[in-house]
Amino acid sequence: MDPWMIQPITFSAKDVPINSQAHGDPLVITLLIEELRVKRILVDSGSSTEVLFYDTFKRIDLSEDILIPSTYRMYGFNGTVTVPKREVTLRVSDEEGYLDMLTTFCVVDVVSPYEEIIGRPWIAGIKGVASTYHQRLRFPTYQGVVEVVGDPQVARQCMQHDIQQNEEKRSRQSQEKNKAKAVKAWEELEKVISQAVTAYEAGEKEIL
C-alpha cells in the first residue's frame with residue numbers, strides 16, 4: 001500500500017455527539033451519487049452489498065438501459081428474501097471532493113425510509129472505518145484522514161418512519177388474517193346450514 005493508505009484512523013471522546021440520544025442512532029450520511037445529493041444513506045457494516053432503492057435511481061434521471069440483470073438474492077436477518085430489480089454502477093463522491101469511486105449497486109424496488117445502503121464492501125473499498133457511536137465515517141486520502149459526519153436527526157426520522165411502516169404492515173397483516181378467519185367461519189356456517197337444509201329436505205321426503 002501507499003503510505004497515505006495506512007494512516008491511523010482513530011476516534012476520541014471529542015468526536016462523540018453532544019446529544020447522548022445520537023449514540024444509539026444508525027449512521028446516516030449524505031453523499032453525491034452521479035452529482036445528485038442523496039441525504040438518507042444508511043452506513044450498514046452488516047450488509048454484504050450496496051443497495052440503491054429504485055425511487056432513488058429514478059430521481060437520478062438516468063436511462064434504465066444502464067441497468068443490467070442481477071444474480072443476487074438478498075437475505076434479511078429475519079430470513080426474508082429480496083430479489084433485486086437490476087444492478088447498476090454509478091459514481092459516488094463526497095461533497096468536499098476527497099472521495100470519487102465507481103460503485104456497483106443492487107437496485108431494489110421496495111419501500112424504505114432510506115435512499116441507499118452502503119455496506120462492508122464499499123467501506124472496505126475506501127479503507128474506511130464507520131462508527132455509529134461517534135456518528136462518523138472516516139477514511140484515508142492523500143491529504144490526510146477525512147470524515148463524513150452523520151446526521152442523527154435524519155437518522156431518527158428514518159427510524160420513526162421505518163417503525164410506522166412496520167406497524168402499518170403488521171396492521172394490514174392482522175386485518176387480512178382476521179378477514180381470512182371471518183371468510184372461513186362464514187364458509188363453515190354455510191356448509192352447516194346447507195347440510196341441515198339437505199337433511200331437513202330428506203326427512204320431509206321420507207314423511208311424504
# chains A, B, ... in the order shown; residues from 1 in each chain; ligands from 1
$ select_by_dssp --residues "range 18-72 of chain A" --states "alpha helix (DSSP H)" --output "list in words"
Tyr54, Asp55, Thr56, Phe57, Lys58, Arg59 and Ile60 of chain A
$ write_last_selection --atoms "N, CA, C and O atoms" --output "PDB file, in the first residue's frame"
ATOM      1  N   TYR A  54     -35.061   1.842  -5.869  1.00  0.00           N
ATOM      2  CA  TYR A  54     -35.471   2.207  -7.218  1.00  0.00           C
ATOM      3  C   TYR A  54     -35.978   3.647  -7.302  1.00  0.00           C
ATOM      4  O   TYR A  54     -35.733   4.346  -8.288  1.00  0.00           O
ATOM      5  N   ASP A  55     -36.663   4.120  -6.270  1.00  0.00           N
ATOM      6  CA  ASP A  55     -37.145   5.501  -6.268  1.00  0.00           C
ATOM      7  C   ASP A  55     -35.974   6.485  -6.359  1.00  0.00           C
ATOM      8  O   ASP A  55     -36.067   7.522  -7.013  1.00  0.00           O
ATOM      9  N   THR A  56     -34.864   6.143  -5.690  1.00  0.00           N
ATOM     10  CA  THR A  56     -33.675   7.000  -5.748  1.00  0.00           C
ATOM     11  C   THR A  56     -33.067   6.964  -7.147  1.00  0.00           C
ATOM     12  O   THR A  56     -32.650   7.995  -7.681  1.00  0.00           O
ATOM     13  N   PHE A  57     -33.012   5.768  -7.732  1.00  0.00           N
ATOM     14  CA  PHE A  57     -32.476   5.645  -9.096  1.00  0.00           C
ATOM     15  C   PHE A  57     -33.269   6.515 -10.065  1.00  0.00           C
ATOM     16  O   PHE A  57     -32.696   7.188 -10.935  1.00  0.00           O
ATOM     17  N   LYS A  58     -34.586   6.539  -9.923  1.00  0.00           N
ATOM     18  CA  LYS A  58     -35.416   7.344 -10.820  1.00  0.00           C
ATOM     19  C   LYS A  58     -35.133   8.832 -10.633  1.00  0.00           C
ATOM     20  O   LYS A  58     -35.188   9.605 -11.604  1.00  0.00           O
ATOM     21  N   ARG A  59     -34.813   9.225  -9.396  1.00  0.00           N
ATOM     22  CA  ARG A  59     -34.501  10.633  -9.127  1.00  0.00           C
ATOM     23  C   ARG A  59     -33.199  11.067  -9.808  1.00  0.00           C
ATOM     24  O   ARG A  59     -33.021  12.234 -10.141  1.00  0.00           O
ATOM     25  N   ILE A  60     -32.285  10.125  -9.978  1.00  0.00           N
ATOM     26  CA  ILE A  60     -31.014  10.452 -10.629  1.00  0.00           C
ATOM     27  C   ILE A  60     -31.223  10.785 -12.102  1.00  0.00           C
ATOM     28  O   ILE A  60     -30.402  11.409 -12.754  1.00  0.00           O
TER      29      ILE A  60
END
$ closest_atom_pairs --of "range 61-149 of chain A" --to "range 28-42 of chain A" --cutoff "10 Å" --atoms "only C-alpha atoms" --output "JSON lines"
{"residue": "A:Asp61", "atom": "CA", "partner": "A:Leu36", "partner_atom": "CA", "distance": 9.4}
{"residue": "A:Leu62", "atom": "CA", "partner": "A:Glu34", "partner_atom": "CA", "distance": 9.4}
{"residue": "A:Leu90", "atom": "CA", "partner": "A:Glu34", "partner_atom": "CA", "distance": 6.4}
{"residue": "A:Arg91", "atom": "CA", "partner": "A:Glu34", "partner_atom": "CA", "distance": 5.3}
{"residue": "A:Val92", "atom": "CA", "partner": "A:Ile33", "partner_atom": "CA", "distance": 4.8}
{"residue": "A:Ser93", "atom": "CA", "partner": "A:Leu32", "partner_atom": "CA", "distance": 5.1}
{"residue": "A:Asp94", "atom": "CA", "partner": "A:Leu31", "partner_atom": "CA", "distance": 5.0}
{"residue": "A:Glu95", "atom": "CA", "partner": "A:Leu31", "partner_atom": "CA", "distance": 6.5}
{"residue": "A:Glu96", "atom": "CA", "partner": "A:Leu31", "partner_atom": "CA", "distance": 9.7}
{"residue": "A:Gly97", "atom": "CA", "partner": "A:Leu32", "partner_atom": "CA", "distance": 9.9}
{"residue": "A:Leu99", "atom": "CA", "partner": "A:Leu31", "partner_atom": "CA", "distance": 9.5}
{"residue": "A:Asp100", "atom": "CA", "partner": "A:Leu32", "partner_atom": "CA", "distance": 9.3}
{"residue": "A:Leu102", "atom": "CA", "partner": "A:Glu34", "partner_atom": "CA", "distance": 9.7}
{"residue": "A:Thr103", "atom": "CA", "partner": "A:Ile33", "partner_atom": "CA", "distance": 9.5}
{"residue": "A:Pro113", "atom": "CA", "partner": "A:Arg40", "partner_atom": "CA", "distance": 7.8}
{"residue": "A:Tyr114", "atom": "CA", "partner": "A:Arg40", "partner_atom": "CA", "distance": 5.1}
{"residue": "A:Glu115", "atom": "CA", "partner": "A:Arg40", "partner_atom": "CA", "distance": 5.3}
{"residue": "A:Glu116", "atom": "CA", "partner": "A:Ile41", "partner_atom": "CA", "distance": 4.8}
{"residue": "A:Ile117", "atom": "CA", "partner": "A:Leu42", "partner_atom": "CA", "distance": 4.8}
{"residue": "A:Ile118", "atom": "CA", "partner": "A:Leu42", "partner_atom": "CA", "distance": 6.1}
{"residue": "A:Gly119", "atom": "CA", "partner": "A:Leu42", "partner_atom": "CA", "distance": 8.5}
{"residue": "A:Thr132", "atom": "CA", "partner": "A:Val28", "partner_atom": "CA", "distance": 8.9}
{"residue": "A:Gln135", "atom": "CA", "partner": "A:Val28", "partner_atom": "CA", "distance": 8.1}
{"residue": "A:Arg136", "atom": "CA", "partner": "A:Ile29", "partner_atom": "CA", "distance": 8.5}
{"residue": "A:Leu137", "atom": "CA", "partner": "A:Ile29", "partner_atom": "CA", "distance": 8.5}
{"residue": "A:Val148", "atom": "CA", "partner": "A:Ile29", "partner_atom": "CA", "distance": 7.0}
{"residue": "A:Val149", "atom": "CA", "partner": "A:Ile29", "partner_atom": "CA", "distance": 6.5}
$ write_last_selection --atoms "N, CA, C and O atoms" --output "mmCIF file, in the first residue's frame"
data_model
loop_
_atom_site.group_PDB
_atom_site.id
_atom_site.type_symbol
_atom_site.label_atom_id
_atom_site.label_comp_id
_atom_site.auth_asym_id
_atom_site.auth_seq_id
_atom_site.Cartn_x
_atom_site.Cartn_y
_atom_site.Cartn_z
ATOM 1 N N ASP A 61 -32.363 10.358 -12.633
ATOM 2 C CA ASP A 61 -32.756 10.686 -14.009
ATOM 3 C C ASP A 61 -31.785 10.104 -15.029
ATOM 4 O O ASP A 61 -31.279 10.799 -15.915
ATOM 5 N N LEU A 62 -31.530 8.793 -14.872
ATOM 6 C CA LEU A 62 -30.695 8.083 -15.828
ATOM 7 C C LEU A 62 -31.554 7.094 -16.608
ATOM 8 O O LEU A 62 -32.623 6.672 -16.161
ATOM 9 N N LEU A 90 -22.492 3.239 -10.523
ATOM 10 C CA LEU A 90 -22.588 4.695 -10.525
ATOM 11 C C LEU A 90 -21.403 5.302 -9.777
ATOM 12 O O LEU A 90 -20.749 4.646 -8.976
ATOM 13 N N ARG A 91 -21.155 6.566 -10.046
ATOM 14 C CA ARG A 91 -20.067 7.274 -9.388
ATOM 15 C C ARG A 91 -20.549 7.844 -8.055
ATOM 16 O O ARG A 91 -21.583 8.502 -7.982
ATOM 17 N N VAL A 92 -19.788 7.554 -7.002
ATOM 18 C CA VAL A 92 -20.097 8.043 -5.658
ATOM 19 C C VAL A 92 -18.986 8.980 -5.212
ATOM 20 O O VAL A 92 -17.798 8.647 -5.321
ATOM 21 N N SER A 93 -19.354 10.148 -4.703
ATOM 22 C CA SER A 93 -18.358 11.109 -4.230
ATOM 23 C C SER A 93 -18.899 11.833 -3.003
ATOM 24 O O SER A 93 -20.098 11.801 -2.723
ATOM 25 N N ASP A 94 -17.980 12.467 -2.267
ATOM 26 C CA ASP A 94 -18.406 13.267 -1.125
ATOM 27 C C ASP A 94 -18.476 14.726 -1.557
ATOM 28 O O ASP A 94 -18.012 15.106 -2.635
ATOM 29 N N GLU A 95 -19.067 15.544 -0.727
ATOM 30 C CA GLU A 95 -19.311 16.934 -1.103
ATOM 31 C C GLU A 95 -18.045 17.784 -1.061
ATOM 32 O O GLU A 95 -18.032 18.894 -1.587
ATOM 33 N N GLU A 96 -16.982 17.283 -0.436
ATOM 34 C CA GLU A 96 -15.749 18.048 -0.330
ATOM 35 C C GLU A 96 -14.746 17.689 -1.428
ATOM 36 O O GLU A 96 -13.683 18.303 -1.532
ATOM 37 N N GLY A 97 -15.036 16.668 -2.222
ATOM 38 C CA GLY A 97 -14.160 16.308 -3.327
ATOM 39 C C GLY A 97 -13.004 15.384 -2.964
ATOM 40 O O GLY A 97 -12.077 15.203 -3.745
ATOM 41 N N LEU A 99 -13.483 12.110 -2.150
ATOM 42 C CA LEU A 99 -13.881 10.742 -2.495
ATOM 43 C C LEU A 99 -14.496 10.730 -3.884
ATOM 44 O O LEU A 99 -15.339 11.572 -4.204
ATOM 45 N N ASP A 100 -14.073 9.784 -4.701
ATOM 46 C CA ASP A 100 -14.635 9.651 -6.048
ATOM 47 C C ASP A 100 -14.390 8.216 -6.508
ATOM 48 O O ASP A 100 -13.266 7.857 -6.860
ATOM 49 N N LEU A 102 -16.275 4.447 -8.392
ATOM 50 C CA LEU A 102 -17.389 3.752 -9.027
ATOM 51 C C LEU A 102 -17.871 2.656 -8.091
ATOM 52 O O LEU A 102 -17.081 1.911 -7.521
ATOM 53 N N THR A 103 -19.188 2.566 -7.944
ATOM 54 C CA THR A 103 -19.782 1.605 -7.009
ATOM 55 C C THR A 103 -20.911 0.860 -7.700
ATOM 56 O O THR A 103 -21.751 1.475 -8.371
ATOM 57 N N PRO A 113 -37.374 3.871 4.222
ATOM 58 C CA PRO A 113 -37.133 5.264 4.624
ATOM 59 C C PRO A 113 -35.776 5.765 4.151
ATOM 60 O O PRO A 113 -35.532 6.965 4.132
ATOM 61 N N TYR A 114 -34.894 4.832 3.763
ATOM 62 C CA TYR A 114 -33.564 5.206 3.287
ATOM 63 C C TYR A 114 -33.556 5.277 1.754
ATOM 64 O O TYR A 114 -34.375 4.655 1.084
ATOM 65 N N GLU A 115 -32.606 6.029 1.227
ATOM 66 C CA GLU A 115 -32.473 6.138 -0.216
ATOM 67 C C GLU A 115 -31.420 5.178 -0.763
ATOM 68 O O GLU A 115 -31.413 4.852 -1.946
ATOM 69 N N GLU A 116 -30.542 4.749 0.127
ATOM 70 C CA GLU A 116 -29.428 3.905 -0.293
ATOM 71 C C GLU A 116 -28.816 3.254 0.951
ATOM 72 O O GLU A 116 -28.926 3.788 2.055
ATOM 73 N N ILE A 117 -28.191 2.103 0.755
ATOM 74 C CA ILE A 117 -27.471 1.443 1.848
ATOM 75 C C ILE A 117 -26.045 1.167 1.395
ATOM 76 O O ILE A 117 -25.824 0.585 0.332
ATOM 77 N N ILE A 118 -25.096 1.626 2.196
ATOM 78 C CA ILE A 118 -23.680 1.368 1.945
ATOM 79 C C ILE A 118 -23.237 0.256 2.886
ATOM 80 O O ILE A 118 -23.451 0.331 4.099
ATOM 81 N N GLY A 119 -22.618 -0.793 2.344
ATOM 82 C CA GLY A 119 -22.243 -1.942 3.154
ATOM 83 C C GLY A 119 -20.746 -2.134 3.303
ATOM 84 O O GLY A 119 -19.941 -1.248 2.981
ATOM 85 N N THR A 132 -20.886 4.206 14.564
ATOM 86 C CA THR A 132 -22.217 4.731 14.876
ATOM 87 C C THR A 132 -22.186 5.501 16.191
ATOM 88 O O THR A 132 -22.909 6.486 16.356
ATOM 89 N N GLN A 135 -20.871 8.689 15.282
ATOM 90 C CA GLN A 135 -21.632 9.247 14.158
ATOM 91 C C GLN A 135 -20.707 9.825 13.088
ATOM 92 O O GLN A 135 -20.901 10.929 12.576
ATOM 93 N N ARG A 136 -19.701 8.990 12.722
ATOM 94 C CA ARG A 136 -18.732 9.439 11.723
ATOM 95 C C ARG A 136 -18.237 8.273 10.869
ATOM 96 O O ARG A 136 -18.113 7.153 11.365
ATOM 97 N N LEU A 137 -17.957 8.582 9.624
ATOM 98 C CA LEU A 137 -17.264 7.671 8.725
ATOM 99 C C LEU A 137 -15.947 8.345 8.364
ATOM 100 O O LEU A 137 -15.937 9.465 7.838
ATOM 101 N N VAL A 148 -16.852 11.923 7.079
ATOM 102 C CA VAL A 148 -18.209 12.317 6.706
ATOM 103 C C VAL A 148 -19.041 12.147 7.966
ATOM 104 O O VAL A 148 -19.097 11.051 8.537
ATOM 105 N N VAL A 149 -19.652 13.223 8.417
ATOM 106 C CA VAL A 149 -20.381 13.212 9.681
ATOM 107 C C VAL A 149 -21.835 12.805 9.442
ATOM 108 O O VAL A 149 -22.477 13.254 8.483
#
$ select_by_dssp --residues "range 9-206 of chain A" --states "strand (DSSP E or B)" --output "PyMOL selection string"
chain A and resi 27-33+36-43+51-53+68+74-75+81-82+86-93+100-108+116-118+129-131+136-141+144-149
$ closest_residue --among "A:Gln164, A:Gln153, A:Thr141, A:Asn178" --to "Ile6 in chain A" --atoms "only C-alpha atoms"
A:Thr141
$ closest_residue --among "A:Ser63, A:Thr82, A:Ser48, A:Ser131" --to "Asp15 in chain A" --atoms "only C-alpha atoms"
A:Ser131
$ closest_residue --among "A:Arg86, A:Pro140, A:Ile193, A:Pro121" --to "Asp2 in chain A" --atoms "only C-alpha atoms"
A:Pro140
$ atom_distance --atom1 "CA of Tyr133 in chain A" --atom2 "CA of Ser12 in chain A"
10.6 Å
$ atom_distance --atom1 "CA of Ala130 in chain A" --atom2 "CA of Phe11 in chain A"
10.1 Å
$ closest_residue --among "A:Gln160, A:Gln7, A:Gln195, A:Gln175" --to "Ser112 in chain A" --atoms "only C-alpha atoms"
A:Gln160
$ closest_residue --among "A:Leu189, A:Leu67, A:Ala182, A:Val108" --to "Leu52 in chain A" --atoms "only C-alpha atoms"
A:Val108
